[in-house]
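Source file: data.cif (mmCIF, C-alpha atoms)
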```
data_start
#
loop_
_atom_site.label_atom_id
_atom_site.label_comp_id
_atom_site.auth_asym_id
_atom_site.auth_seq_id
_atom_site.Cartn_x
_atom_site.Cartn_y
_atom_site.Cartn_z
CA MET U 86 13.84 17.85 5.55
CA ILE U 87 11.67 16.52 8.44
CA GLY U 88 13.43 18.92 10.81
CA LEU U 89 16.90 17.44 10.44
CA PRO U 90 19.98 19.64 11.02
CA LYS U 91 21.38 21.52 8.04
CA SER U 92 24.65 19.60 8.42
CA THR U 93 22.84 16.45 7.25
CA GLU U 94 21.46 17.99 4.06
CA PHE U 95 22.51 16.36 0.81
CA ASN U 96 19.78 17.42 -1.63
CA LYS U 97 20.96 15.49 -4.65
CA ARG U 98 18.54 14.60 -7.40
CA ILE U 99 18.82 10.96 -8.48
CA PRO U 100 17.57 10.18 -12.01
CA LYS U 101 14.92 7.51 -11.63
CA GLN U 102 16.33 5.84 -14.74
CA SER U 103 19.43 4.91 -12.74
CA PHE U 104 17.33 2.42 -10.77
CA TYR U 105 16.20 0.42 -13.79
CA GLU U 106 18.40 1.12 -16.83
CA ASN U 107 21.53 -0.54 -15.45
CA LEU U 108 19.79 -3.28 -13.49
CA ASP U 109 18.10 -6.48 -14.57
CA VAL U 110 14.50 -5.46 -13.93
CA SER U 111 11.27 -6.69 -15.45
CA PRO U 112 9.22 -4.58 -17.88
CA THR U 113 6.57 -4.32 -15.14
CA MET U 114 9.08 -2.89 -12.67
CA LYS U 115 10.32 -0.39 -15.24
CA LYS U 116 6.73 0.68 -15.88
CA PHE U 117 6.21 1.22 -12.14
CA PHE U 118 9.18 3.61 -12.05
CA ILE U 119 8.04 5.47 -15.15
CA ASP U 120 4.35 5.72 -14.27
CA GLN U 121 4.45 6.14 -10.49
CA ILE U 122 7.57 8.20 -9.77
CA LYS U 123 8.07 11.80 -10.77
CA VAL U 124 11.50 12.44 -9.22
CA VAL U 125 13.78 11.09 -6.48
CA TYR U 126 15.82 13.31 -4.16
CA TRP U 127 18.51 12.18 -1.75
CA ARG U 128 17.64 14.73 0.94
CA ASN U 129 19.68 13.87 4.04
CA LYS U 130 22.54 11.74 5.24
CA ILE U 131 22.47 10.86 8.94
CA ALA U 132 25.95 9.65 9.87
CA PRO U 133 28.69 10.40 12.42
CA THR U 134 30.32 12.61 9.77
CA THR U 135 27.21 14.83 9.42
CA ILE U 136 25.77 14.90 12.95
CA ASN U 137 27.01 14.45 16.50
CA LEU U 138 26.02 10.81 16.85
CA ALA U 139 28.06 7.69 17.51
CA ALA U 140 28.36 5.05 14.81
CA GLY U 141 25.99 2.11 15.08
CA ASN U 142 26.93 -1.55 15.13
CA ASN U 143 24.31 -2.45 12.53
CA VAL U 144 23.45 0.87 10.87
CA THR U 145 26.43 2.84 9.61
CA GLU U 146 24.41 5.57 7.86
CA LEU U 147 20.75 6.41 7.47
CA GLN U 148 19.72 8.10 4.23
CA VAL U 149 16.53 10.13 3.72
CA PHE U 150 15.03 9.85 0.23
CA GLU U 151 12.14 12.00 -0.90
CA ILE U 152 10.16 10.37 -3.69
CA ARG U 153 7.74 12.66 -5.46
CA LEU U 154 4.91 10.63 -6.93
CA ASN U 155 2.57 11.05 -9.87
CA GLY U 156 -0.28 9.66 -7.77
CA ASN U 157 -0.93 8.71 -4.16
CA GLU U 158 0.39 5.16 -4.46
CA VAL U 159 3.71 3.48 -5.18
CA ASP U 160 4.20 -0.25 -5.56
CA GLU U 161 6.20 -1.63 -2.66
CA SER U 162 8.46 -3.51 -5.07
CA VAL U 163 9.82 -0.11 -6.19
CA LEU U 164 10.96 0.68 -2.66
CA THR U 165 12.39 -2.82 -2.29
CA LEU U 166 14.44 -2.44 -5.48
CA ILE U 167 15.89 0.87 -4.27
CA ASP U 168 16.55 -0.53 -0.80
CA LYS U 169 18.33 -3.61 -2.11
CA ASN U 170 20.63 -1.58 -4.34
CA ILE U 171 21.60 1.12 -1.83
CA PRO U 172 24.04 -0.31 0.75
CA TYR U 173 22.61 1.83 3.56
CA HIS U 174 19.40 2.03 5.53
CA ILE U 175 16.81 4.36 4.01
CA LEU U 176 13.96 6.43 5.36
CA PHE U 177 11.57 7.19 2.48
CA VAL U 178 9.40 10.29 2.49
CA LEU U 179 6.75 10.03 -0.23
CA SER U 180 5.19 13.28 -1.40
CA TYR U 181 2.13 13.95 -3.52
CA ASN U 182 -0.19 16.90 -3.85
CA GLY U 183 1.20 18.69 -0.79
CA LYS U 184 0.91 15.64 1.50
CA TYR U 185 3.61 13.34 2.83
CA LYS U 186 3.91 9.73 3.93
CA ALA U 187 6.90 8.23 5.77
CA VAL U 188 7.95 4.69 4.89
CA ILE U 189 10.76 2.62 6.34
CA GLY U 190 11.77 -1.00 5.96
CA TYR U 191 13.20 -3.22 8.65
CA LYS U 192 16.44 -3.85 6.83
CA GLU U 193 19.13 -6.42 7.69
CA ALA U 194 22.37 -7.54 6.12
CA ALA U 195 21.67 -10.46 3.80
CA ARG U 196 24.62 -12.46 5.08
CA SER U 197 27.78 -12.01 7.07
CA GLY U 198 30.42 -9.94 5.28
CA SER U 199 28.01 -8.89 2.52
CA THR U 200 27.02 -5.35 1.58
CA ALA U 201 23.66 -6.60 0.35
CA PHE U 202 20.52 -6.13 2.40
CA LYS U 203 17.16 -7.80 2.73
CA VAL U 204 14.03 -5.96 3.78
CA ASN U 205 11.88 -7.89 6.23
CA ARG U 206 8.81 -5.67 5.78
CA TYR U 207 7.78 -2.03 5.39
CA TYR U 208 5.98 0.25 7.79
CA TYR U 209 3.96 3.29 6.70
CA THR U 210 2.33 6.38 8.13
CA GLU U 211 -0.85 7.85 6.69
CA TRP U 212 -0.74 10.80 4.28
CA MET U 213 -0.37 14.05 6.24
CA ALA U 214 1.29 17.46 6.33
CA GLU U 215 5.08 17.24 6.55
CA HIS U 216 5.20 18.85 10.00
CA ASP U 217 2.73 16.23 11.30
CA LEU U 218 4.89 13.25 10.36
CA PRO U 219 5.78 11.31 13.56
CA LEU U 220 9.51 11.60 12.92
CA HIS U 221 11.76 12.70 15.75
CA LEU U 222 15.54 12.33 15.78
CA GLU U 223 16.07 10.34 18.98
CA GLY U 224 19.03 8.29 20.12
CA LEU U 225 22.72 8.48 20.90
CA ASP U 226 23.92 6.45 17.92
CA ILE U 227 22.77 5.64 14.39
CA ASP U 228 21.40 2.25 15.44
CA SER U 229 19.02 3.79 17.98
CA VAL U 230 18.00 6.63 15.62
CA TYR U 231 17.03 4.06 12.97
CA GLU U 232 15.19 1.84 15.45
CA ASN U 233 13.26 4.81 16.83
CA TYR U 234 12.23 5.86 13.33
CA VAL U 235 10.94 2.34 12.66
CA ARG U 236 8.90 2.34 15.87
CA GLN U 237 7.61 5.90 15.29
CA ILE U 238 6.42 5.09 11.78
CA ALA U 239 4.99 1.70 12.72
CA GLY U 240 3.08 3.17 15.66
CA ASP U 241 0.72 0.64 17.24
CA THR U 242 1.70 -1.97 14.65
CA LEU U 243 4.89 -2.63 16.62
CA GLN U 244 3.51 -3.00 20.11
CA ASP U 245 5.60 -1.75 23.00
CA SER U 246 7.68 -4.52 24.48
CA GLN U 247 7.17 -5.52 28.09
CA SER U 248 10.26 -7.69 28.18
CA GLY U 249 12.97 -5.41 26.81
CA GLU U 250 13.01 -7.20 23.47
CA SER U 251 15.09 -5.84 20.61
CA LEU U 252 13.59 -4.28 17.50
CA LYS U 253 14.45 -7.47 15.60
CA GLU U 254 12.52 -9.53 18.15
CA THR U 255 9.57 -7.11 18.03
CA VAL U 256 9.43 -7.29 14.23
CA GLU U 257 9.64 -11.09 14.29
CA ARG U 258 6.83 -11.24 16.86
CA ASP U 259 4.73 -8.85 14.79
CA ASN U 260 5.28 -11.04 11.72
CA ARG U 261 4.18 -14.06 13.73
CA ILE U 262 1.04 -12.21 14.86
CA ARG U 263 0.21 -11.30 11.26
CA ASP U 264 0.73 -14.91 10.16
CA LEU U 265 -1.53 -16.25 12.92
CA LYS U 266 -4.27 -13.76 12.03
CA LYS U 267 -4.07 -14.82 8.37
CA GLN U 268 -4.37 -18.49 9.36
CA ILE U 269 -7.39 -17.75 11.56
CA THR U 270 -9.10 -15.74 8.81
CA ALA U 271 -8.46 -18.49 6.25
CA LEU U 272 -9.87 -21.19 8.54
CA GLN U 273 -12.94 -19.08 9.33
CA ALA U 274 -13.60 -18.75 5.61
CA LYS U 275 -13.25 -22.52 5.16
CA ILE U 276 -15.68 -23.22 7.99
CA ARG U 277 -18.35 -21.12 6.30
CA LYS U 278 -18.03 -23.26 3.18
CA GLU U 279 -17.63 -26.64 4.92
CA LYS U 280 -20.78 -28.79 5.12
CA GLN U 281 -19.49 -31.67 7.25
CA LEU U 282 -20.01 -31.02 10.95
CA ASN U 283 -17.02 -33.09 12.08
CA VAL U 284 -14.70 -31.13 9.79
CA GLN U 285 -16.18 -27.86 11.05
CA MET U 286 -15.48 -28.93 14.63
CA GLN U 287 -11.87 -29.83 13.79
CA MET U 288 -11.29 -26.45 12.21
CA SER U 289 -12.98 -24.71 15.15
CA GLN U 290 -10.54 -26.42 17.53
CA LYS U 291 -7.66 -25.33 15.33
CA ILE U 292 -8.92 -21.75 15.38
CA LYS U 293 -9.24 -21.86 19.17
CA ALA U 294 -5.64 -23.08 19.48
CA LEU U 295 -4.38 -20.36 17.13
CA LYS U 296 -6.28 -17.68 19.06
CA ASN U 297 -4.78 -18.89 22.33
CA LEU U 298 -1.32 -18.72 20.79
CA LEU U 299 -2.08 -15.25 19.43
CA LYS U 300 -3.12 -14.10 22.89
CA GLN U 301 0.11 -15.46 24.40
CA ILE U 302 2.42 -13.57 22.05
CA SER U 303 0.40 -10.33 21.91
CA TYR U 304 1.21 -7.83 24.64
#
```

File written out as structure tokens:
Amino acid sequence: MIGLPKSTEFNKRIPKQSFYENLDVSPTMKKFFIDQIKVVYWRNKIAPTTINLAAGNNVTELQVFEIRLNGNEVDESVLTLIDKNIPYHILFVLSYNGKYKAVIGYKEAARSGSTAFKVNRYYYTEWMAEHDLPLHLEGLDIDSVYENYVRQIAGDTLQDSQSGESLKETVERDNRIRDLKKQITALQAKIRKEKQLNVQMQMSQKIKALKNLLKQISY
């Protein structure tokens, strides 16, 4: 799938029930799996044992899961549940009605010595033909392959670094940018409702300070 070498092919169907029947999940989560997912395939395994790449320090293997959907949406909590219960990094390829969408989470070990992971956030492409997905196998080790996939899928969302920052630093900066934009939007909404001029001026100064900070950390 997605142009990967035949040596990486796994092509194992995973019963969607396995993600909720043996785990402590809410009725809502179970309904998401039943209503939104048609079938899950483990398509590829990118690892030193399947492809001529060096092992990574942070990413030992990268799995490619195809999730065939019943509609054009899947709740992100479904991906998070799968990600948290698979002890490897995952590139999701969603498929519906002949179109495809690539999704990947910035995934880190939850704590030292643990096999558990936490997903910082997810990045998505638009729906498109499979051959148009911006997915290119690039890098000399599994770490760099994973990081390049994250940047390819995120596109302009993860701005190119001008200071040689790591992917982790780029993601953290992007999260900070998103948080600042939310604060600015919230304050702008409050100003429109505020009737006291002095309070409006205080909030305007706060917005100005946040915008200056946003400009400083945006490349």

Do a neighbour search on Asn205 in chain U at 12 Å with only C-alpha atoms, toss out local chain neighbours closer than 4 positions, and write the hits as a PDB file with C-alpha atoms, in the coordinates of the input.
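The resulting file, around.pdb, is shown below:
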```pdb
ATOM      1  CA  THR U 165      12.390  -2.820  -2.290  1.00  0.00           C
ATOM      2  CA  ASP U 168      16.550  -0.530  -0.800  1.00  0.00           C
ATOM      3  CA  LYS U 169      18.330  -3.610  -2.110  1.00  0.00           C
ATOM      4  CA  ILE U 189      10.760   2.620   6.340  1.00  0.00           C
ATOM      5  CA  GLY U 190      11.770  -1.000   5.960  1.00  0.00           C
ATOM      6  CA  TYR U 191      13.200  -3.220   8.650  1.00  0.00           C
ATOM      7  CA  LYS U 192      16.440  -3.850   6.830  1.00  0.00           C
ATOM      8  CA  GLU U 193      19.130  -6.420   7.690  1.00  0.00           C
ATOM      9  CA  ALA U 194      22.370  -7.540   6.120  1.00  0.00           C
ATOM     10  CA  ALA U 195      21.670 -10.460   3.800  1.00  0.00           C
ATOM     11  CA  LEU U 252      13.590  -4.280  17.500  1.00  0.00           C
ATOM     12  CA  LYS U 253      14.450  -7.470  15.600  1.00  0.00           C
ATOM     13  CA  VAL U 256       9.430  -7.290  14.230  1.00  0.00           C
ATOM     14  CA  GLU U 257       9.640 -11.090  14.290  1.00  0.00           C
ATOM     15  CA  ASP U 259       4.730  -8.850  14.790  1.00  0.00           C
ATOM     16  CA  ASN U 260       5.280 -11.040  11.720  1.00  0.00           C
TER      17      ASN U 260
END
```

Cut-off 12 Å: closest range 136-179 of chain U/range 223-229 of chain U atom pairs per residue, using only C-alpha atoms, as a Markdown table:
```
| residue | atom | partner | partner_atom | distance |
| --- | --- | --- | --- | --- |
| U:Ile136 | CA | U:Ile227 | CA | 9.8 |
| U:Asn137 | CA | U:Leu225 | CA | 8.6 |
| U:Leu138 | CA | U:Asp226 | CA | 5.0 |
| U:Ala139 | CA | U:Asp226 | CA | 4.3 |
| U:Ala140 | CA | U:Asp226 | CA | 5.6 |
| U:Gly141 | CA | U:Asp228 | CA | 4.6 |
| U:Asn142 | CA | U:Asp228 | CA | 6.7 |
| U:Asn143 | CA | U:Asp228 | CA | 6.2 |
| U:Val144 | CA | U:Asp228 | CA | 5.2 |
| U:Thr145 | CA | U:Ile227 | CA | 6.6 |
| U:Glu146 | CA | U:Ile227 | CA | 6.7 |
| U:Leu147 | CA | U:Ile227 | CA | 7.2 |
| U:Gln148 | CA | U:Ile227 | CA | 10.9 |
| U:Tyr173 | CA | U:Ile227 | CA | 11.5 |
| U:His174 | CA | U:Asp228 | CA | 10.1 |
```

Selected residues, C-alpha atoms, written as a PDB file, keeping the file's coordinate frame, please.
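And here is the file that came out, out18.pdb:
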```pdb
ATOM      1  CA  ILE U 136      25.770  14.900  12.950  1.00  0.00           C
ATOM      2  CA  ASN U 137      27.010  14.450  16.500  1.00  0.00           C
ATOM      3  CA  LEU U 138      26.020  10.810  16.850  1.00  0.00           C
ATOM      4  CA  ALA U 139      28.060   7.690  17.510  1.00  0.00           C
ATOM      5  CA  ALA U 140      28.360   5.050  14.810  1.00  0.00           C
ATOM      6  CA  GLY U 141      25.990   2.110  15.080  1.00  0.00           C
ATOM      7  CA  ASN U 142      26.930  -1.550  15.130  1.00  0.00           C
ATOM      8  CA  ASN U 143      24.310  -2.450  12.530  1.00  0.00           C
ATOM      9  CA  VAL U 144      23.450   0.870  10.870  1.00  0.00           C
ATOM     10  CA  THR U 145      26.430   2.840   9.610  1.00  0.00           C
ATOM     11  CA  GLU U 146      24.410   5.570   7.860  1.00  0.00           C
ATOM     12  CA  LEU U 147      20.750   6.410   7.470  1.00  0.00           C
ATOM     13  CA  GLN U 148      19.720   8.100   4.230  1.00  0.00           C
ATOM     14  CA  TYR U 173      22.610   1.830   3.560  1.00  0.00           C
ATOM     15  CA  HIS U 174      19.400   2.030   5.530  1.00  0.00           C
TER      16      HIS U 174
END
```

Worksheet entry | Expansion of the PyMOL selection byres ((chain U and resi 287-297) around 7) into residues, as number ranges by chain | U: 265, 269, 272, 276, 283-286, 298-301

Export C-alpha atoms of the chosen residues as a compact mmCIF listing (two decimals), in the frame of the given file?
```
# COMPACT_ATOMS: atom_id res chain seq x y z
CA LEU U 265 -1.53 -16.25 12.92
CA ILE U 269 -7.39 -17.75 11.56
CA LEU U 272 -9.87 -21.19 8.54
CA ILE U 276 -15.68 -23.22 7.99
CA ASN U 283 -17.02 -33.09 12.08
CA VAL U 284 -14.70 -31.13 9.79
CA GLN U 285 -16.18 -27.86 11.05
CA MET U 286 -15.48 -28.93 14.63
CA LEU U 298 -1.32 -18.72 20.79
CA LEU U 299 -2.08 -15.25 19.43
CA LYS U 300 -3.12 -14.10 22.89
CA GLN U 301 0.11 -15.46 24.40
```

Worksheet item: Could you write out as a list in words the residues that the PyMOL selection byres ((chain U and resi 122) around 8) matches in the shown file?
Response: Lys101, Phe117, Phe118, Ile119, Asp120, Gln121, Lys123, Val124, Val125, Ile152, Arg153, Leu154, Asn155 and Val159 of chain U

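Our summary of the geometry notes that CA of Ala239 in chain U is positioned 19.3 Å from CA of Gly88 in chain U.
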
Item to complete: Please indicate the distance in Å from CA of Ala271 in chain U to CA of Glu161 in chain U, rounded to one decimal place.
Response: 24.1 Å

Discussion item. Here's the selection I'm unsure about, the PyMOL selection byres ((chain U and resi 185) around 12); applied to the file above, which residues does it give, as a ChimeraX atom specification?
Written reply: /U:86-87,151-154,156-158,177-184,186-188,209-220

Worksheet item: If you measure from CA of Tyr231 in chain U to CA of Val149 in chain U, what distance in Å do you get, rounded to one decimal?
Response: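 According to the coordinates, CA of Tyr231 in chain U and CA of Val149 in chain U are separated by 11.1 Å.
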